[in-house]
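Chemist: The structure under discussion is supplied below as C-alpha cells; questions concerning it will follow.
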Amino acid sequence: MTVTEATAPADALLSVQDLRVSFPSKGWRAPRTEVLKGVSFDVRPGETLGLVGESGSGKTTIGRAVLGLVPVRSGTITFAGERIDQASSAHRRRLGRDLQVVFQDPYTSLNPSRTIGDTLAEPLLGHGASVREARGRVGDLLARVHLPADAAARLPHEFSGGQRQRVAIARALALRPRLVICDEPVSALDLTTQRTVLDLLLEIQEETDVAYLFVTHDLSVVRFVSHRVAVIRHGQIVETGDARIVTTEPQHAYTRALMLSAPVADVTEQRRRRQAAQRLAEQTVQPAADDG
Amino acid sequence: MSENLPADTPTAARALVPAAFGTSTARRGGVVRRLLRNPLGALSAAVLLLIVVAVVLAPLLAPQDPGASSLRDAFAGPSGAHPMGMDSAGRDILSRILHGGRNTLGGALIALGIALALGVPSGLYAGYYGGRFDSAATWAVNLVMSLPAMVVLLASRAILGPNVWVLMIVLGVLAAPSFFRLVRGIVAGVRKELYVDAAKVSGLSDTRIVARHILIVVRGPVIIQVALVAGIAIGLQAGLEFLGVGSGSAPTWGAMLNEAFQNIQRAPLPMLWPGLALGLTNGALVLLAGALRDGLEDRTGHAAKPHRARDRAAAVPSAAADSPAGQRAGLLSVRGLTVAYAQPDGSDKEVVHGVDIDVRAGEIVGLVGESGSGKTQTAFSVLGILPEGGRVSGGSITIKGQEVVGLPERAHRALRGGTVAYVPQEPMSNLDPSFTIGSQLMEPMRHALGISRKEAARRAVDLLRLVEIPDPERVVGLYPHEISGGMAQRVLIAGAMSGDPELLIADEPTTALDVRVQAEILELLRRLQKDRGLGVLLVTHNLGVVADLCDRVAVMNSGRIVETGTTEQVLHAPQDPYTRTLLDAVLDEAPARAPWEPREARSTTA
C-alpha cells in the first residue's frame, strides 16, 4: 500500500521510487529477506521528511540505502536530478559533498582515538581543502553547533552524549550538504539534551536550507521536526502526510495504534489515551499479535 | 535493535566514573611511557636492545674473525682474550655468538617481514571488503595452518637446498596466517563501526579510511603478535640448526648448540653461551609482548580495589535513623542514602547524596531522572547489587522493617529471591542464550524453594500464564533468540514473580521496547500491582510512563531528590525548577511543525 505512487514532483531534491532492499538469509539457497518492499517518497530542498516506525520496520535501511551503505535491489533513488541508486564509488565520493548523515549513537559514531578537530577536518581534507583552510573551518563549525573552540584538541571521551552528537552534526555540516540523513539522532540522549539538539537542527535548517530525512521511532520528536511524516511498517509506507495531520488525525489503523501507545506526561490525557487504545484494540482483530 | 538505545546504562562505568577513564586513557606517547614504567617491559626492552646492538656491531665488537681457528686452543676455557673460551675447532666463541646472532636474528627478521607482508595487507583487504577474496584467502590460510611446519621446513630444505635464508622465507609464509587471521578479524569488526560509515559518507576513498581509521586499531595487536612470532621464528630456526638441518657453513646460535652438544662430554661450557643467547632473546621477546599488550590495550584494571563494603557500611545505618523525613513506609523506606564509588587514587566519589524514598504495599512509585542522576544507583542499593567499587556509604534502607544496609551478602540474596524482585532494562541480555526459557525459570525456583523438577516445570508454566504469554507450554521449550523483546521482558517479569515478591524494583523496564509493546508491559505491571498488591519502584526517564502507571513520583537530579509528590502534583504543578525544565523538554504538547513552503515563499511571508 504505497501512498505516494505518483511520479516525483519537479522540485524534489531527493526522490525515491519503488525502493526494494533485501538481504541474503541464513542457510543455503534460502530466499532473501525483503526489508523494503517498494518504498516511494520525496524530499524537497529545505524540507524535513520524518520516517517513523518500530524496530524492524526498515526505516533505518531506507536511510542507509540512500547513503549507499546497503545495496539497492530494485527501484530508483534520484538526488538533485541524478540517479544515485547504483552510483559508482567515484560518484559516491563526489556525493559526499551534498549528502551527509548523523547517526544515532554518539558513542560509536566518532572515532575514539581521533581528536574532535581531526574528525571534523576529515571530510574537508578528503575533498581537497588545505590543512590551513580545514583548520579555520573547524573553528567555524564548532561555533555553529555551539561548542567551545578548544574542543578541537580534545578526544570524544571528554564529551557528554549531547556534545558528541553536536560534533557529529558539525561533521555532517562540514561540506555544506543539501540533504542530511538523521538516523535517530536524539534517541540516545536525555530529554533536556534532546530538545536542545532538535532546536539546533531546526536552526541550522532555517539558515542553510538543508533538507533532512529524519528517521525515528518517537512520534513526538517526528512531529516536532518534520514538515511531513511517513509511517513505515514491515518495509512499506502505510501513511504519508503533513506532520500535523498524520499525528493528530491519522487515517491508518496502525498509525492510530502507534499514536495511542506512546504515553504522554499528563495523567488525565494519558488515561483517556489508554482507554482509547484499549477500545481500538478490541475493535481491530488483534492488531498487535502479528508483531509479537 | 537499532532503536531505543538506553539513555541510562545500568553499568556505572559510562555514567558515573568517566573521570577515572578520562585521565588514564593516554595517547600514543603514553604507550612508550607505560611500557617503560612496567619493570618487566623496561627490562626486556633493554635486554633486547643490548642484544640487537651487539649483534649489529659484531664486526667491531668481535675479538676476531668467527671463522679463524687455532686447533691448538680447542676447548680452551674462558680467558682474558677469549672471555667465553674456544669451541671444538679452536674458534673464539664470543665472536661466533656475535656473528651467529646476525644470522639467527636476521633470519627471524626475514621470516617476520615475509609474514607481515603477506598477512597484514591480505587481512586488511579480506576484512574490509569481504566477499570472494575473503572466502578464497580464508580457505588458503586454513590450508597453510593445517600443514605441520616442521615437515614443510624439512621438505623445503630437501628441495631448495640447505640455505638458512630460504628456510626463513618458508617459515615466513607459514607464519603469515596468524597475522592474516588477527587483522581480518579486527578489521571486520571495525568496518561495522558507525564512524567508518560516516567517513564513507563523507566521500573519503577507501585507502584513506583504512589509513585513518583502520590501521590505528590494527596496530597494537599486530605489534604484540610480531614479538610473539619473532620468538617462535628464532626458536624454530635454532631447533632446525640444532638438528643439523640448517646451513653448515655460517655460524648460527642453533648450529653452535649442535656443535657444543656433540662435545658435551669433553667440554660442557660451550653449550652455555648459545643457549643463554637464545634463552635471553626469546624470554625478552615474550615478556616484551606481554608488556606491550598491557601498554597498548591500556588496561584500566587498576581502577578500584574491591572495598570490603560490608565492613565499612555496617557502621552507618543508625546515622540516618533520626532523619526528619517523616513516617517511614512499611514496605520500602530509604533515608539519607548515600552511594560512593572508590576512585583509582583511593578516595571516594559520592554519586548519591542523601536520598529519601518510600514505597508502600500496593503502590507504584516512579523514580525519575536523566542519565547520571543516580536513580539506578539508588535502585541497585536497595537490591544490594551495586557494581564493583560502589558501596552504600551512609543512610538506611528498610524492607518490611528490616534494615538491609550492612546485611551480609547471603541474607541479601535470600531477600532478593523472596520479598524483593528485580526487572532489568535489557530483557535480551538478561536471558542466557544457551538455555531454554523453561530451564531459566525453573533453575532459580528449584534452588530457592527446594522443589522437584516436575513441580518447578508446572510452576514455570503457571508463571508464564500469569504474565499473559499465549501458549506457555510451547514457550517453555523455546530459546531466547526465538522470542521477541517484548516476550523476553514478560519472561523476566515471570521470573521476578516466581518468589512471590511484595516489592518489585523495575529499572527502565520498557526503555528498550517499541511503544506498542511498552504499552502492553505497562498494562501487565498495572494488573500485577492490582491483583497481588505488589509495591513497585519504577526507575525511568520517561515522564509518559510515569503518568501512565505511577501513583507517586520522586524526581532525581545529580544524586538528590529534588521533588516528590503524587503524580498529578509533580506533573501538573511542579514546584522545583528542575522538574519544570524536564517537563518543558517533553515534546507532547509542542505544536506540530507547519507544512513546508519553498524558500522564496518563506522569505516573502516572513
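Labeling convention for the C-alpha cells: chains A, B, ... as they appear, residues from 1 per chain, ligands from 1 in order of appearance.
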Please list as number ranges by chain every residue within 9 Å of Leu513 in chain B, counting only C-alpha atoms and excluding residues in the same chain fewer than 3 positions away.
Modeler: A: 55; B: 3-4, 426, 485-486, 489, 509-510, 516-518
Chemist: Residues of chain A within 6 Å of chain B, using only C-alpha atoms, as JSON, numbers by chain?
Modeler: {"A": [54, 93, 96, 108, 109, 110, 111, 123, 126, 188, 189, 190, 192, 195, 220, 223, 224, 227, 242, 244, 261, 262, 263, 264, 265, 266, 267, 270]}
Chemist: What is the distance between CA of Glu241 in chain B and CA of Leu112 in chain B, in Å to one decimal?
Modeler: 18.3 Å
Chemist: Pick the closest to Arg191 in chain B from B:Val218, B:Leu524, B:Tyr578, B:Asp294: which is it, counting only C-alpha atoms?
Modeler: B:Val218
Chemist: Please give the complete set of residues from range 110-223 of chain A that DSSP, run on the backbone, assigns to alpha helix (DSSP H), formatted as a PyMOL selection string.
Modeler: chain A and resi 116-126+131-144+161-173+191-208+219-223
Chemist: Thr119 in chain A: which residues within 10 Å, counting only C-alpha atoms, same-chain residues fewer than 4 positions away excluded, as a list in words?
Modeler: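 Listed by chain and then number, they are Leu110, Asn111, Pro112, Ser113, Arg114, Thr115, Pro123, Leu124, Val138, Ala152, Leu155, Pro156, Val167, Ala168, Ala170 and Arg171 of chain A; Tyr195 and Ala199 of chain B.
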Chemist: Could the residues in this selection be written to a file with C-alpha atoms, as a PDB file, in the first residue's frame?
Modeler:
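Once written, again_1.pdb looks like this:
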ATOM      1  CA  LEU A 110      33.124   9.231  16.470  1.00  0.00           C
ATOM      2  CA  ASN A 111      36.493   7.521  16.264  1.00  0.00           C
ATOM      3  CA  PRO A 112      37.631   7.354  19.902  1.00  0.00           C
ATOM      4  CA  SER A 113      41.304   7.805  19.046  1.00  0.00           C
ATOM      5  CA  ARG A 114      40.938  10.927  16.878  1.00  0.00           C
ATOM      6  CA  THR A 115      40.553  14.425  18.248  1.00  0.00           C
ATOM      7  CA  PRO A 123      35.679  15.375   5.202  1.00  0.00           C
ATOM      8  CA  LEU A 124      37.247  18.733   4.300  1.00  0.00           C
ATOM      9  CA  VAL A 138      36.734  23.552  12.045  1.00  0.00           C
ATOM     10  CA  ALA A 152      39.052  20.714  18.597  1.00  0.00           C
ATOM     11  CA  LEU A 155      39.124  13.453  22.339  1.00  0.00           C
ATOM     12  CA  PRO A 156      35.499  12.216  22.133  1.00  0.00           C
ATOM     13  CA  VAL A 167      30.174  17.132  16.927  1.00  0.00           C
ATOM     14  CA  ALA A 168      28.502  14.557  14.658  1.00  0.00           C
ATOM     15  CA  ALA A 170      29.126  19.578  12.780  1.00  0.00           C
ATOM     16  CA  ARG A 171      30.866  16.831  10.812  1.00  0.00           C
TER      17      ARG A 171
ATOM     18  CA  TYR B 195      32.487   6.271  12.309  1.00  0.00           C
ATOM     19  CA  ALA B 199      33.795   8.510   6.744  1.00  0.00           C
TER      20      ALA B 199
END
Chemist: What does the distance from CA of Gly46 in chain A to CA of Gln104 in chain A come to in Å, to one decimal?
Modeler: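 Separation between CA of Gly46 in chain A and CA of Gln104 in chain A: 21.5 Å.
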Chemist: Just want the 7 Å neighbourhood of range 15-18 of chain A, counted on only C-alpha atoms, with same-chain residues fewer than 3 positions away dropped. Output as number ranges by chain.
Modeler: A: 8, 12, 38-43, 75-79
Chemist: Quick one: DSSP strand (DSSP E) residues in range 176-286 of chain A, as a count of residues only?
Modeler: 24
Chemist: Determine, using only C-alpha atoms, which residues of range 30-133 of chain A have any atom at most 12 Å from an atom of range 205-213 of chain A, and tabulate each with its shortest atom pair and distance in Å to one decimal place, rows ordered by chain and then rising number, as CSV.
Modeler:
residue,atom,partner,partner_atom,distance
A:Phe41,CA,A:Leu213,CA,10.5
A:Asp42,CA,A:Leu213,CA,9.5
A:Val43,CA,A:Ala211,CA,7.2
A:Arg44,CA,A:Ala211,CA,6.9
A:Pro45,CA,A:Ala211,CA,5.3
A:Gly46,CA,A:Ala211,CA,4.2
A:Glu47,CA,A:Ala211,CA,4.8
A:Thr48,CA,A:Tyr212,CA,4.6
A:Leu49,CA,A:Leu213,CA,5.1
A:Gly50,CA,A:Leu213,CA,6.1
A:Leu51,CA,A:Leu213,CA,7.2
A:Val52,CA,A:Leu213,CA,10.6
A:Lys59,CA,A:Leu213,CA,10.5
A:Thr60,CA,A:Leu213,CA,10.6
A:Ile62,CA,A:Leu213,CA,9.6
A:Gly63,CA,A:Leu213,CA,7.5
A:Arg64,CA,A:Leu213,CA,11.1
A:Val66,CA,A:Leu213,CA,9.9
A:Leu67,CA,A:Leu213,CA,11.2
A:Phe79,CA,A:Ala211,CA,11.8
A:Ala80,CA,A:Ala211,CA,11.9
A:Asp98,CA,A:Val210,CA,9.5
A:Leu99,CA,A:Ala211,CA,9.7
A:Gln100,CA,A:Tyr212,CA,9.5
A:Val101,CA,A:Leu213,CA,9.3
A:Val102,CA,A:Tyr212,CA,10.1
A:Phe103,CA,A:Leu213,CA,11.9
Chemist: Do you know which residues are at most 10 Å from Ala81 in chain B counting only C-alpha atoms, after dropping those on the same chain fewer than 2 positions away, and could you put them as a ChimeraX atom specification?
Modeler: /B:63-64,78-79,83-85,92
Chemist: Could you check the closest approach to Gly533 in chain B for each of B:Pro121, B:Gly362, B:Gly417, B:Gly185 and tell me which residue wins, using only C-alpha atoms?
Modeler: B:Gly362
